[in-house]
Structure formats: structure tokens, C-alpha cells
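Below: run24.cif (mmCIF, C-alpha atoms)
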```cif
data_data
loop_
_atom_site.label_atom_id
_atom_site.label_comp_id
_atom_site.auth_asym_id
_atom_site.auth_seq_id
_atom_site.Cartn_x
_atom_site.Cartn_y
_atom_site.Cartn_z
CA MET A 52 38.20 -148.27 33.34
CA ARG A 53 34.48 -147.53 33.56
CA ILE A 54 33.22 -144.36 35.14
CA SER A 55 29.74 -144.65 36.48
CA LEU A 56 27.68 -141.42 36.36
CA ARG A 57 25.56 -142.69 39.24
CA GLY A 58 28.77 -143.10 41.29
CA ILE A 59 29.77 -139.51 40.58
CA TYR A 60 26.36 -138.19 41.60
CA ARG A 61 26.47 -140.18 44.80
CA ASN A 62 29.90 -138.82 45.65
CA PRO A 63 29.24 -136.34 48.50
CA GLY A 64 32.20 -134.20 47.37
CA PHE A 65 30.73 -133.77 43.92
CA ARG A 66 27.29 -132.95 45.31
CA GLN A 67 28.61 -130.25 47.64
CA VAL A 68 30.88 -128.74 45.00
CA SER A 69 27.91 -128.66 42.66
CA ILE A 70 25.76 -126.84 45.22
CA VAL A 71 28.50 -124.25 45.76
CA THR A 72 29.03 -123.86 42.02
CA ILE A 73 25.31 -123.44 41.32
CA LEU A 74 24.97 -120.86 44.09
CA SER A 75 27.97 -118.97 42.77
CA ILE A 76 26.66 -119.04 39.20
CA LEU A 77 23.31 -117.74 40.46
CA LEU A 78 25.16 -114.88 42.10
CA ILE A 79 27.11 -114.18 38.92
CA ALA A 80 23.93 -114.21 36.88
CA LEU A 81 22.09 -111.73 39.08
CA PRO A 82 21.25 -108.40 37.41
CA HIS A 83 23.60 -105.57 38.34
CA GLN A 84 20.91 -103.58 40.15
CA VAL A 85 20.06 -106.55 42.35
CA LYS A 86 23.76 -107.07 43.11
CA THR A 87 24.13 -103.41 44.09
CA SER A 88 21.01 -103.55 46.30
CA ILE A 89 22.21 -106.72 48.04
CA SER A 90 25.66 -105.19 48.55
CA ARG A 91 24.11 -102.07 50.06
CA ILE A 92 21.88 -104.09 52.43
CA VAL A 93 24.76 -106.38 53.46
CA SER A 94 27.12 -103.42 53.95
CA TYR A 95 24.63 -101.82 56.33
CA SER A 96 23.98 -105.03 58.27
CA VAL A 97 26.42 -107.98 58.28
CA LEU A 98 29.50 -106.05 57.24
CA TYR A 99 28.68 -102.93 59.22
CA PRO A 100 31.08 -103.73 62.11
CA PHE A 101 34.01 -104.27 59.72
CA ILE A 102 33.27 -101.10 57.82
CA GLU A 103 32.94 -99.12 61.03
CA ILE A 104 36.18 -100.55 62.46
CA ASP A 105 37.94 -99.78 59.19
CA ARG A 106 36.55 -96.25 59.22
CA PHE A 107 37.58 -95.79 62.85
CA LEU A 108 41.12 -97.00 62.13
CA LEU A 109 41.32 -94.69 59.15
CA LYS A 110 40.33 -91.84 61.44
CA VAL A 111 42.98 -92.91 63.97
CA ASP A 112 45.55 -93.08 61.15
CA SER A 113 44.65 -89.62 59.93
CA THR A 114 44.64 -88.29 63.50
CA PHE A 115 48.16 -89.67 63.98
CA GLU A 116 49.24 -88.08 60.72
CA ILE A 117 47.71 -84.74 61.68
CA ASN A 118 49.27 -85.01 65.13
CA ARG A 119 52.70 -85.70 63.62
CA HIS A 120 52.30 -82.78 61.24
CA LEU A 121 51.19 -80.46 64.05
CA ASN A 122 54.08 -81.58 66.25
CA ARG A 123 56.52 -80.81 63.46
CA ARG A 124 54.85 -77.43 62.97
CA LEU A 125 54.90 -76.76 66.72
CA ASN A 126 58.63 -77.52 66.92
CA PHE A 127 59.27 -75.24 63.98
CA LEU A 128 57.19 -72.45 65.51
CA ALA A 129 58.84 -72.87 68.91
CA THR A 130 62.26 -72.50 67.29
CA THR A 131 61.07 -69.50 65.30
CA LEU A 132 59.55 -67.92 68.40
CA SER A 133 62.76 -68.45 70.32
CA THR A 134 64.72 -66.75 67.51
CA VAL A 135 62.23 -63.89 67.34
CA MET A 136 62.36 -63.38 71.11
CA GLU A 137 66.15 -63.45 71.03
CA ASN A 138 66.16 -60.85 68.25
CA ARG A 139 63.68 -58.74 70.20
CA TYR A 140 65.82 -58.76 73.34
CA GLU A 141 68.91 -58.01 71.31
CA ASN A 142 67.05 -55.18 69.61
CA GLU A 143 66.03 -53.73 72.98
CA ARG A 144 69.58 -53.99 74.30
CA LEU A 145 71.03 -52.39 71.19
CA ARG A 146 68.47 -49.56 71.32
CA MET A 147 69.40 -48.94 74.94
CA MET A 148 73.10 -48.99 74.05
CA LEU A 149 72.53 -46.64 71.16
CA GLY A 150 70.84 -44.18 73.50
CA PHE A 151 73.67 -44.59 75.96
CA ASP A 152 76.23 -44.01 73.18
CA LEU A 153 74.59 -40.72 72.22
CA MET A 154 74.38 -39.62 75.86
CA LEU A 155 78.10 -39.89 76.68
CA PRO A 156 80.73 -37.45 75.38
CA TYR A 157 83.31 -40.25 74.84
CA GLU A 158 84.12 -42.22 71.73
CA LEU A 159 82.77 -45.69 72.32
CA LYS A 160 83.42 -48.90 70.43
CA PRO A 161 80.69 -51.51 70.81
CA ALA A 162 81.77 -55.11 71.31
CA GLU A 163 80.23 -58.46 72.12
CA VAL A 164 81.29 -60.74 74.92
CA LYS A 165 82.67 -63.94 73.40
CA ALA A 166 83.89 -65.81 76.47
CA TYR A 167 83.97 -65.66 80.25
CA SER A 168 86.81 -66.79 82.47
CA PRO A 169 85.77 -70.15 83.88
CA THR A 170 85.78 -69.26 87.56
CA ALA A 171 83.03 -69.01 90.14
CA ARG A 172 83.20 -65.23 90.18
CA PHE A 173 84.04 -63.92 86.70
CA LYS A 174 87.32 -62.03 86.68
CA SER A 175 87.83 -61.50 82.99
CA ILE A 176 85.99 -61.68 79.68
CA LEU A 177 87.00 -61.91 76.06
CA ILE A 178 85.43 -59.41 73.66
CA ASN A 179 85.33 -59.36 69.86
CA ALA A 180 86.97 -55.96 69.38
CA GLY A 181 90.73 -55.54 69.15
CA MET A 182 93.41 -53.30 67.80
CA GLU A 183 91.76 -53.21 64.37
CA LYS A 184 88.85 -51.34 65.95
CA GLY A 185 91.11 -49.11 67.99
CA VAL A 186 90.92 -51.12 71.21
CA PHE A 187 94.21 -51.26 73.13
CA LYS A 188 95.45 -52.11 76.61
CA ASP A 189 94.17 -50.10 79.61
CA MET A 190 90.97 -48.78 78.09
CA PRO A 191 87.84 -48.50 80.26
CA VAL A 192 85.03 -50.91 79.47
CA ILE A 193 81.50 -49.91 80.37
CA SER A 194 77.93 -51.09 79.93
CA PRO A 195 74.77 -48.97 80.01
CA SER A 196 74.30 -49.98 83.66
CA GLY A 197 77.82 -49.16 84.89
CA VAL A 198 81.57 -49.68 84.73
CA VAL A 199 82.60 -53.21 83.78
CA GLY A 200 86.40 -53.11 83.96
CA LYS A 201 89.37 -52.33 81.75
CA THR A 202 91.22 -53.99 78.91
CA VAL A 203 94.41 -55.73 79.97
CA SER A 204 95.53 -57.02 76.58
CA ALA A 205 94.43 -56.66 73.00
CA ASP A 206 94.99 -58.67 69.85
CA ARG A 207 94.03 -57.83 66.31
CA ASN A 208 90.38 -58.79 66.69
CA SER A 209 89.86 -59.43 70.39
CA ALA A 210 90.73 -58.10 73.78
CA VAL A 211 90.72 -59.38 77.36
CA VAL A 212 88.78 -57.28 79.84
CA GLN A 213 89.66 -57.37 83.52
CA LEU A 214 86.41 -57.09 85.45
CA LEU A 215 85.88 -55.09 88.63
CA PHE A 216 85.70 -58.36 90.54
CA ASP A 217 89.38 -59.00 89.83
CA PRO A 218 91.25 -57.85 92.98
CA ALA A 219 93.88 -56.31 90.72
CA CYS A 220 91.34 -53.97 89.10
CA LYS A 221 90.91 -50.72 90.96
CA VAL A 222 88.88 -47.61 90.09
CA ALA A 223 89.39 -44.16 91.53
CA ALA A 224 85.88 -43.16 92.58
CA ARG A 225 83.86 -40.73 94.58
CA LEU A 226 80.49 -40.61 96.26
CA GLN A 227 78.24 -38.61 93.99
CA SER A 228 76.40 -36.70 96.71
CA SER A 229 79.20 -35.89 99.18
CA ARG A 230 82.03 -35.85 96.59
CA THR A 231 84.15 -37.91 99.02
CA GLN A 232 87.01 -39.68 97.23
CA GLY A 233 87.88 -43.36 97.53
CA ILE A 234 89.05 -46.39 95.62
CA VAL A 235 86.73 -49.13 94.40
CA ALA A 236 88.32 -52.55 94.68
CA TYR A 237 87.28 -56.14 95.25
CA LEU A 238 88.35 -57.45 98.64
CA GLY A 239 86.34 -60.66 98.63
CA GLY A 240 82.76 -61.42 99.51
CA ARG A 241 79.63 -60.62 97.58
CA TYR A 242 80.15 -56.89 96.96
CA LEU A 243 82.83 -54.51 95.78
CA SER A 244 84.37 -52.21 98.40
CA LEU A 245 84.93 -48.50 98.47
CA THR A 246 88.13 -48.04 100.45
CA ASN A 247 90.03 -45.05 101.82
CA VAL A 248 86.89 -43.11 102.77
CA PRO A 249 87.61 -41.34 106.09
CA SER A 250 85.22 -42.23 108.87
CA ASP A 251 84.40 -38.60 109.60
CA GLN A 252 82.64 -38.26 106.21
CA SER A 253 78.95 -38.65 105.68
CA VAL A 254 78.10 -41.89 103.82
CA THR A 255 74.69 -43.48 103.63
CA ALA A 256 73.40 -46.62 101.99
CA GLY A 257 72.01 -45.90 98.54
CA ASP A 258 74.61 -43.28 97.65
CA SER A 259 75.82 -43.50 94.06
CA VAL A 260 79.49 -44.16 93.43
CA ILE A 261 80.98 -42.72 90.24
CA SER A 262 84.47 -42.71 88.79
CA SER A 263 86.51 -39.66 89.81
CA GLY A 264 88.83 -39.65 86.79
CA LEU A 265 91.91 -39.45 89.02
CA GLY A 266 93.24 -42.92 88.30
CA GLY A 267 94.20 -42.11 84.75
CA ILE A 268 92.22 -44.87 83.07
CA PHE A 269 88.54 -44.32 83.84
CA PRO A 270 87.16 -40.92 82.88
CA GLU A 271 85.20 -38.89 85.40
CA GLY A 272 81.50 -39.45 86.00
CA LEU A 273 80.99 -43.11 85.04
CA PHE A 274 78.51 -44.88 87.28
CA VAL A 275 80.22 -47.68 89.24
CA GLY A 276 77.61 -48.80 91.72
CA ARG A 277 75.54 -48.02 94.77
CA VAL A 278 76.41 -48.17 98.48
CA VAL A 279 74.61 -51.03 100.20
CA ASP A 280 76.29 -51.08 103.60
CA VAL A 281 78.53 -48.78 105.64
CA ARG A 282 80.42 -50.00 108.70
CA ALA A 283 82.57 -47.87 111.01
CA LYS A 284 84.81 -49.70 113.45
CA GLU A 285 85.97 -48.21 116.69
CA GLY A 286 89.43 -46.62 116.35
CA GLU A 287 89.58 -47.16 112.55
CA MET A 288 90.36 -44.21 110.26
CA PHE A 289 88.30 -45.44 107.30
CA PHE A 290 84.81 -46.79 106.70
CA GLU A 291 84.18 -50.25 105.38
CA ILE A 292 81.77 -49.60 102.53
CA ASP A 293 80.11 -52.31 100.41
CA ILE A 294 79.07 -51.39 96.90
CA GLU A 295 76.74 -53.24 94.63
CA PRO A 296 78.08 -52.77 91.09
CA GLY A 297 75.77 -51.23 88.53
CA ALA A 298 76.74 -53.71 85.82
CA ASN A 299 75.34 -57.21 86.08
CA PHE A 300 78.43 -59.28 85.38
CA SER A 301 76.63 -62.54 84.80
CA LEU A 302 74.39 -61.03 82.09
CA LEU A 303 76.97 -59.16 80.05
CA GLU A 304 76.44 -59.57 76.31
CA GLU A 305 77.22 -56.26 74.65
CA ILE A 306 79.62 -53.70 76.13
CA PHE A 307 81.44 -50.51 75.11
CA VAL A 308 85.14 -49.79 75.14
CA VAL A 309 85.92 -46.13 75.75
CA THR A 310 88.54 -45.55 73.06
CA SER A 311 88.94 -41.83 73.36
CA ILE A 312 88.10 -39.18 75.92
CA PRO A 313 87.73 -35.58 74.74
CA GLY A 314 90.50 -33.34 76.06
CA GLU A 315 92.83 -36.27 76.65
CA GLU A 316 95.38 -37.20 74.03
CA MET B 73 28.60 -124.55 70.14
CA PRO B 74 30.88 -125.30 67.16
CA TYR B 75 28.80 -122.82 65.11
CA PHE B 76 29.79 -120.11 67.55
CA TYR B 77 33.47 -120.95 66.96
CA TYR B 78 32.86 -120.99 63.21
CA PHE B 79 31.24 -117.59 63.47
CA MET B 80 34.16 -116.26 65.53
CA ALA B 81 36.65 -117.70 63.01
CA TRP B 82 34.68 -116.14 60.13
CA PHE B 83 34.56 -112.80 61.93
CA PHE B 84 38.28 -112.85 62.73
CA ILE B 85 39.40 -113.85 59.23
CA VAL B 86 37.15 -111.31 57.51
CA PHE B 87 38.41 -108.69 59.96
CA CYS B 88 42.01 -109.58 59.04
CA GLN B 89 41.22 -109.41 55.32
CA VAL B 90 39.22 -106.18 55.40
CA VAL B 91 40.95 -104.23 58.15
CA ILE B 92 44.44 -105.64 58.75
CA SER B 93 45.50 -106.72 55.27
CA PRO B 94 45.42 -103.22 53.68
CA ARG B 95 47.43 -101.93 56.62
CA ILE B 96 50.24 -104.45 56.28
CA ALA B 97 50.39 -104.04 52.49
CA ILE B 98 53.79 -103.29 50.96
CA GLY B 99 52.88 -100.85 48.21
CA ASP B 100 50.18 -102.60 46.18
CA ILE B 101 51.20 -106.04 47.45
CA TYR B 102 48.85 -107.23 50.15
CA PRO B 103 48.46 -110.71 51.66
CA ASP B 104 45.32 -112.65 50.69
CA VAL B 105 44.39 -113.77 54.21
CA VAL B 106 41.08 -115.34 53.22
CA LEU B 107 42.62 -117.59 50.57
CA ALA B 108 45.55 -118.58 52.80
CA VAL B 109 43.19 -119.57 55.62
CA THR B 110 40.84 -121.45 53.26
CA VAL B 111 43.73 -123.45 51.76
CA LEU B 112 45.15 -124.18 55.20
CA ILE B 113 41.73 -125.32 56.46
CA GLY B 114 41.47 -127.57 53.42
CA LEU B 115 44.95 -128.96 54.04
CA LYS B 116 44.41 -129.49 57.76
CA GLN B 117 40.76 -130.46 58.01
CA GLY B 118 39.78 -131.85 54.62
CA TRP B 119 37.81 -130.81 51.54
CA LYS B 120 34.43 -130.40 53.25
CA ARG B 121 35.48 -127.69 55.65
CA GLY B 122 37.77 -126.16 53.05
CA LEU B 123 34.85 -125.92 50.61
CA TRP B 124 32.32 -124.41 53.03
CA PHE B 125 34.70 -122.08 54.80
CA GLY B 126 35.85 -120.95 51.36
CA PHE B 127 32.22 -120.43 50.38
CA ALA B 128 31.52 -118.34 53.49
CA PHE B 129 34.66 -116.22 53.11
CA GLY B 130 34.27 -115.82 49.35
CA LEU B 131 30.60 -114.88 49.65
CA THR B 132 31.45 -112.27 52.30
CA LEU B 133 34.06 -110.69 50.06
CA ASP B 134 31.70 -110.82 47.07
CA LEU B 135 28.95 -109.09 49.00
CA MET B 136 31.28 -106.16 49.61
CA ASN B 137 31.94 -105.65 45.93
CA PRO B 138 29.06 -106.04 43.45
CA GLN B 139 31.49 -105.97 40.49
CA ASN B 140 32.81 -109.50 41.04
CA TYR B 141 29.70 -111.14 42.43
CA GLY B 142 30.02 -114.91 42.57
CA TRP B 143 33.52 -115.23 41.15
CA THR B 144 35.35 -114.85 44.44
CA THR B 145 32.88 -117.29 46.03
CA ILE B 146 33.40 -120.00 43.45
CA LEU B 147 37.21 -119.55 43.23
CA VAL B 148 37.81 -119.49 46.99
CA SER B 149 35.40 -122.43 47.57
CA LEU B 150 37.12 -124.51 44.91
CA SER B 151 40.52 -123.60 46.34
CA GLY B 152 39.39 -124.95 49.72
CA TYR B 153 38.02 -128.08 48.09
CA CYS B 154 41.17 -128.68 46.02
CA ALA B 155 43.38 -128.14 49.08
CA GLY B 156 41.36 -130.86 50.85
CA TYR B 157 41.76 -133.07 47.81
CA VAL B 158 45.55 -132.51 47.91
CA ARG B 159 45.47 -133.51 51.56
CA GLU B 160 43.77 -136.79 50.68
CA LYS B 161 46.22 -137.60 47.90
CA ILE B 162 49.49 -136.30 49.35
CA PHE B 163 49.72 -135.92 53.10
CA LEU B 164 51.71 -132.72 53.70
CA ASP B 165 52.96 -132.62 57.25
CA ASN B 166 55.84 -130.21 56.70
CA ILE B 167 54.87 -126.55 57.14
CA LEU B 168 57.20 -125.54 54.30
CA TYR B 169 55.29 -127.75 51.86
CA GLN B 170 52.02 -126.45 53.26
CA SER B 171 53.09 -122.85 52.68
CA LEU B 172 54.29 -123.82 49.19
CA THR B 173 50.77 -125.13 48.54
CA VAL B 174 49.37 -121.80 49.77
CA PHE B 175 51.74 -120.04 47.36
CA THR B 176 50.62 -122.15 44.39
CA PHE B 177 46.92 -121.80 45.15
CA THR B 178 47.23 -118.03 45.64
CA LEU B 179 49.09 -117.61 42.36
CA VAL B 180 46.54 -119.65 40.42
CA TYR B 181 43.67 -117.86 42.16
CA GLN B 182 45.12 -114.40 41.44
CA LEU B 183 45.72 -115.16 37.76
CA LEU B 184 42.32 -116.80 37.27
CA PHE B 185 40.51 -114.01 39.08
CA GLN B 186 42.11 -111.34 36.91
CA LEU B 187 41.64 -113.33 33.72
CA ILE B 188 37.93 -113.80 34.45
CA ASN B 189 37.21 -110.23 35.50
CA TRP B 190 39.43 -108.24 33.13
CA PRO B 191 40.38 -110.62 30.26
CA PHE B 192 41.63 -107.99 27.80
CA TYR B 193 43.56 -106.07 30.40
CA PHE B 194 45.01 -109.37 31.65
CA ILE B 195 46.28 -110.37 28.20
CA GLY B 196 47.66 -106.91 27.48
CA ASN B 197 49.52 -106.61 30.80
CA PHE B 198 50.29 -110.24 31.47
CA VAL B 199 53.89 -109.81 32.66
CA GLN B 200 53.06 -107.00 35.05
CA LEU B 201 50.04 -108.86 36.47
CA LEU B 202 52.06 -112.07 36.73
CA LEU B 203 54.74 -110.26 38.73
CA ASP B 204 52.14 -108.65 40.99
CA SER B 205 50.47 -112.02 41.51
CA LEU B 206 53.83 -113.62 42.30
CA PHE B 207 54.59 -111.04 44.97
CA ILE B 208 51.09 -111.32 46.46
CA SER B 209 51.46 -115.13 46.52
CA LEU B 210 54.88 -114.88 48.17
CA TYR B 211 53.58 -112.50 50.81
CA THR B 212 50.53 -114.70 51.45
CA ALA B 213 52.69 -117.85 51.66
CA ALA B 214 55.07 -116.11 54.07
CA LEU B 215 52.14 -115.10 56.24
CA GLY B 216 50.79 -118.67 56.08
CA LEU B 217 54.20 -120.02 57.08
CA PHE B 218 54.29 -117.64 60.03
CA ALA B 219 50.77 -118.69 61.11
CA LEU B 220 51.65 -122.40 60.81
CA PHE B 221 54.85 -121.90 62.79
CA ALA B 222 52.98 -120.00 65.52
CA LEU B 223 50.30 -122.70 65.70
CA GLY B 224 53.03 -125.38 65.90
CA GLN B 225 54.72 -123.57 68.75
CA ARG B 226 51.39 -123.25 70.57
CA SER B 227 50.76 -126.99 70.21
CA ARG B 228 54.24 -127.79 71.54
CA LEU B 229 53.69 -125.48 74.49
CA ARG B 230 50.39 -127.21 75.24
CA GLU B 231 52.09 -130.62 75.13
CA LEU B 232 54.78 -129.39 77.52
CA LEU B 233 52.22 -128.00 79.97
#
```

Go ahead and render the structure in this file as C-alpha cells.
Amino acid sequence: MRISLRGIYRNPGFRQVSIVTILSILLIALPHQVKTSISRIVSYSVLYPFIEIDRFLLKVDSTFEINRHLNRRLNFLATTLSTVMENRYENERLRMMLGFDLMLPYELKPAEVKAYSPTARFKSILINAGMEKGVFKDMPVISPSGVVGKTVSADRNSAVVQLLFDPACKVAARLQSSRTQGIVAYLGGRYLSLTNVPSDQSVTAGDSVISSGLGGIFPEGLFVGRVVDVRAKEGEMFFEIDIEPGANFSLLEEIFVVTSIPGEE
Amino acid sequence: MPYFYYFMAWFFIVFCQVVISPRIAIGDIYPDVVLAVTVLIGLKQGWKRGLWFGFAFGLTLDLMNPQNYGWTTILVSLSGYCAGYVREKIFLDNILYQSLTVFTFTLVYQLLFQLINWPFYFIGNFVQLLLDSLFISLYTAALGLFALFALGQRSRLRELL
């Protein structure tokens, strides 16, 4: 088989490959400085759009990364802030309770509310203090803002508190200004009622109602609530008096159980 | 008008190589888009287009990096030419064979490129570089297979419409 050199030269494939090869070799043979200069010129002209797009996407990438990092940090800080705020509120409540504890002459056992009875109007709560802390049945339960109820049963480490909104819970009370006696009970509706107050007595809205100490469970002088409405019906012996309780039953978190009253054994 | 399409193709492929390829890399393994496209052009449209497209792509990549001036140009151009030559000798209609050709060309290109540019390092770390080149070739072939499949589906859709 004879290979003709002229045939190879005339082959268009060979010619074009040769051109490409020669051009490439020329590029390889260029001095380094020339290569660098050409690269710089080309980078700032022909390849500029690619470099700019690449740079832009790198910026977008880093922005996403920063955004993700900041989001993570924000979530962490939000959780921390929530915890700090919770601690602050608890601190305020405990300070208020501490002041309240020092103010009253009774022996008080602090306790936290662990559960509410699942009814529309709360009738009882479960607290985390029981017989181990000296909490027994029929002990008054109070909060800094007023009487809450009384214990109806106690275990070793917990007790059930019957709230004033339970119709079975009654408190012997009196109007602080007129000293008129009555009984605080829940008869339905939005407010508590002060019953057995004769209609010839003077009662006005805004009067404070305190425990009278006559019932045997609640000591004298505990704030129960404030009169919001007084109604006198024709021919009736007693007023119908609505009382707004001092304690906010839906916001109860920490309470006190009155475990001992001086002078009573 | 065809020059405009050539320019657009050049722009798109260089964009894929420079911008997209590093972003779809798996560790250090990135697909060699330029080589895959050059080989496929050679396989589909013959040695002439393979050679000149390879020259344009290779030159573009060379101009970005003054260290390897000329070598990418000559290797990519020859890959395009050889792919066209393969087309003339063995007609490869099956996309699996075409992607296998892409794999072979990429592997040879990767090994040659490293041998030429860093001969001592290449000999000293041959196994590691061979493995890297194998993975790059596999990734590039897989990408080529995907592109061929997508183009095939587009052609079928056109025929149906």
C-alpha cells in the first residue's frame, strides 16, 4: 500500500487539523508575560459577562448562606427572648408574692398550679403541694389579688383546690366599709354573689368584700372581691349583690395555701 | 444567520462550563461540559464542526487560564476531530454508545491533560488521578446521556406535533 504525501496534504481534514495544531502550538510557545496580558485583556472583554455572572451568583450564594445563618440566629434569639421574658414575668410574680407573704400574719405555703379542671368555667385546680408540705383538706387558698378557694383533697405531693366558682364553695364574708355580713357563693352567671345581705343595709358598687372568718375555714380579712352591682327587689328581704372576684382565675400560676393561722390550733 | 446560532451555542456552552459546572460539582468531581459537547458535535455533525467548535471552546477556556495556554485548545479540538472520525468509521446511533464515547474521550482527555501539565505529579499520584478522571468521565458521560435523551424526546415531540 502506497501512501502519497501529496494526497495527505490535499486531504481537507489534515489541513484543518494542521491549522488548529499550529495555532495551538503558537499559543503554547507564547512567553508567559504575553499569555498573562492576553488573559487579562480577554477576561475584561470577551469573558467579562461570564465572570460577572459567576461573581453575581457567588454573591447570591453567599447572601443565601448569610440569610440562612441569620434566620437560625433569629430563631435562637427569639427562643432565648421568650425564655428571658418568661423568667422576668415569673420573677415579678414571685417578688409580688414574696411581698404578700411578708405582709400577712399567716403561715403560707407557695404552690404552682399544675392543672385546671377542663370545664368552661374553672371549678377546681391541681397544685403541686401536698401533705408533705403540710397541705391538707379544707385549707384556704389565696393569691396576692384575692381568695382563690379551698383545698378539698390532698395527696402526698399534690392537692385539689375547689375554686370560688364551684357552687359548693362558700365563704363567710363581710362588706369592708359597712361591716355587713353575708355569704359569697357562685349562683351562676358571670360574677360571684354575696347573699344574705338584708335589704335595709347600705351597699354600693365598688365596696370591698373580705372574708369574715366566721365560716371556720377562711381567716378574717382576706380580700374576696369588689361589688359591681346591687339589686333590691320589691318585697324581698335580701339584696342581690354581684361581686367581681379579686383573683383572676384564668391567669392563676402561683398561689398560697394558708397552712396555719395564729391563735387557731 | 448560522454564525449567530454558533455564537449563541458558544455562549451557552461556555456559560455552562464556567458558571453551572462548578455549582453541580460533587466534591471535586465536576462534569466537563465543553468536552462532552465537542465530542457530541463531532459524533452528530462530523469532524469539521467537531474540530472548530472544539477549537473555539478550548481557546476560550485557555484564555481564562494562562497556565495551560494552547493545551486545552489542541486537546479539545482533536477530541472533536476524532469524534467526527469515529462517526465516519462506526455509525453510532444508540445514545448509550454515544455516551460511552463521551466517557472514553473524557477519560483520555483528562489523563493526557494532567500528564502534559504536571508530568511528575501525574506519575507520582497516578492511581488517585486515574480515579478522579474516571469519576469526572462518568459524570460527564451521564450528563451527555441526559442531554442526548432530552434532545431525543424533543425530536419525538416535534414529530408528533

Residue IDs satisfying the PyMOL selection byres ((chain B) within 10 of (chain A)), as number ranges by chain:
B: 83, 86-92, 94-95, 119-120, 123-124, 126-127, 130-147, 149-150, 153, 157

Taking all atoms of segment 146-149 of chain B that the file lists, what box with edges along x, y and z, padded by 4 Å per side, do you get, with centre and edge lengths in Å to one decimal, as JSON?
```
{"center_x": 35.6, "center_y": -121.0, "center_z": 45.4, "size_x": 12.4, "size_y": 10.9, "size_z": 12.3}
```

Which residues, named as in the file, does the PyMOL selection byres ((chain A and resi 206-211) around 7) pick out? Answer as a ChimeraX atom specification.
/A:175-183,202-205,212-213

Once the PyMOL selection byres ((chain B and resi 112) around 12) is applied to the coordinates I shared, what remains selected? I want it as a ChimeraX atom specification.
/B:105-111,113-119,121-123,125-126,148,151-156,158-159,164-165,167,169-175,177-178,212-213,215-217,219-220,223

Pick from A:Ala298, A:Met154, A:Val278, A:Ala162, whichever lies nearest to Phe216 of chain A using all atoms listed in the file:
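Selected residue with least distance to Phe216 of chain A: A:Ala298.
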
Distance of atom CA of Arg277 of chain A from atom CA of Asp258 of chain A, expressed in Å to one decimal place
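Between these atoms lies a distance of 5.6 Å.
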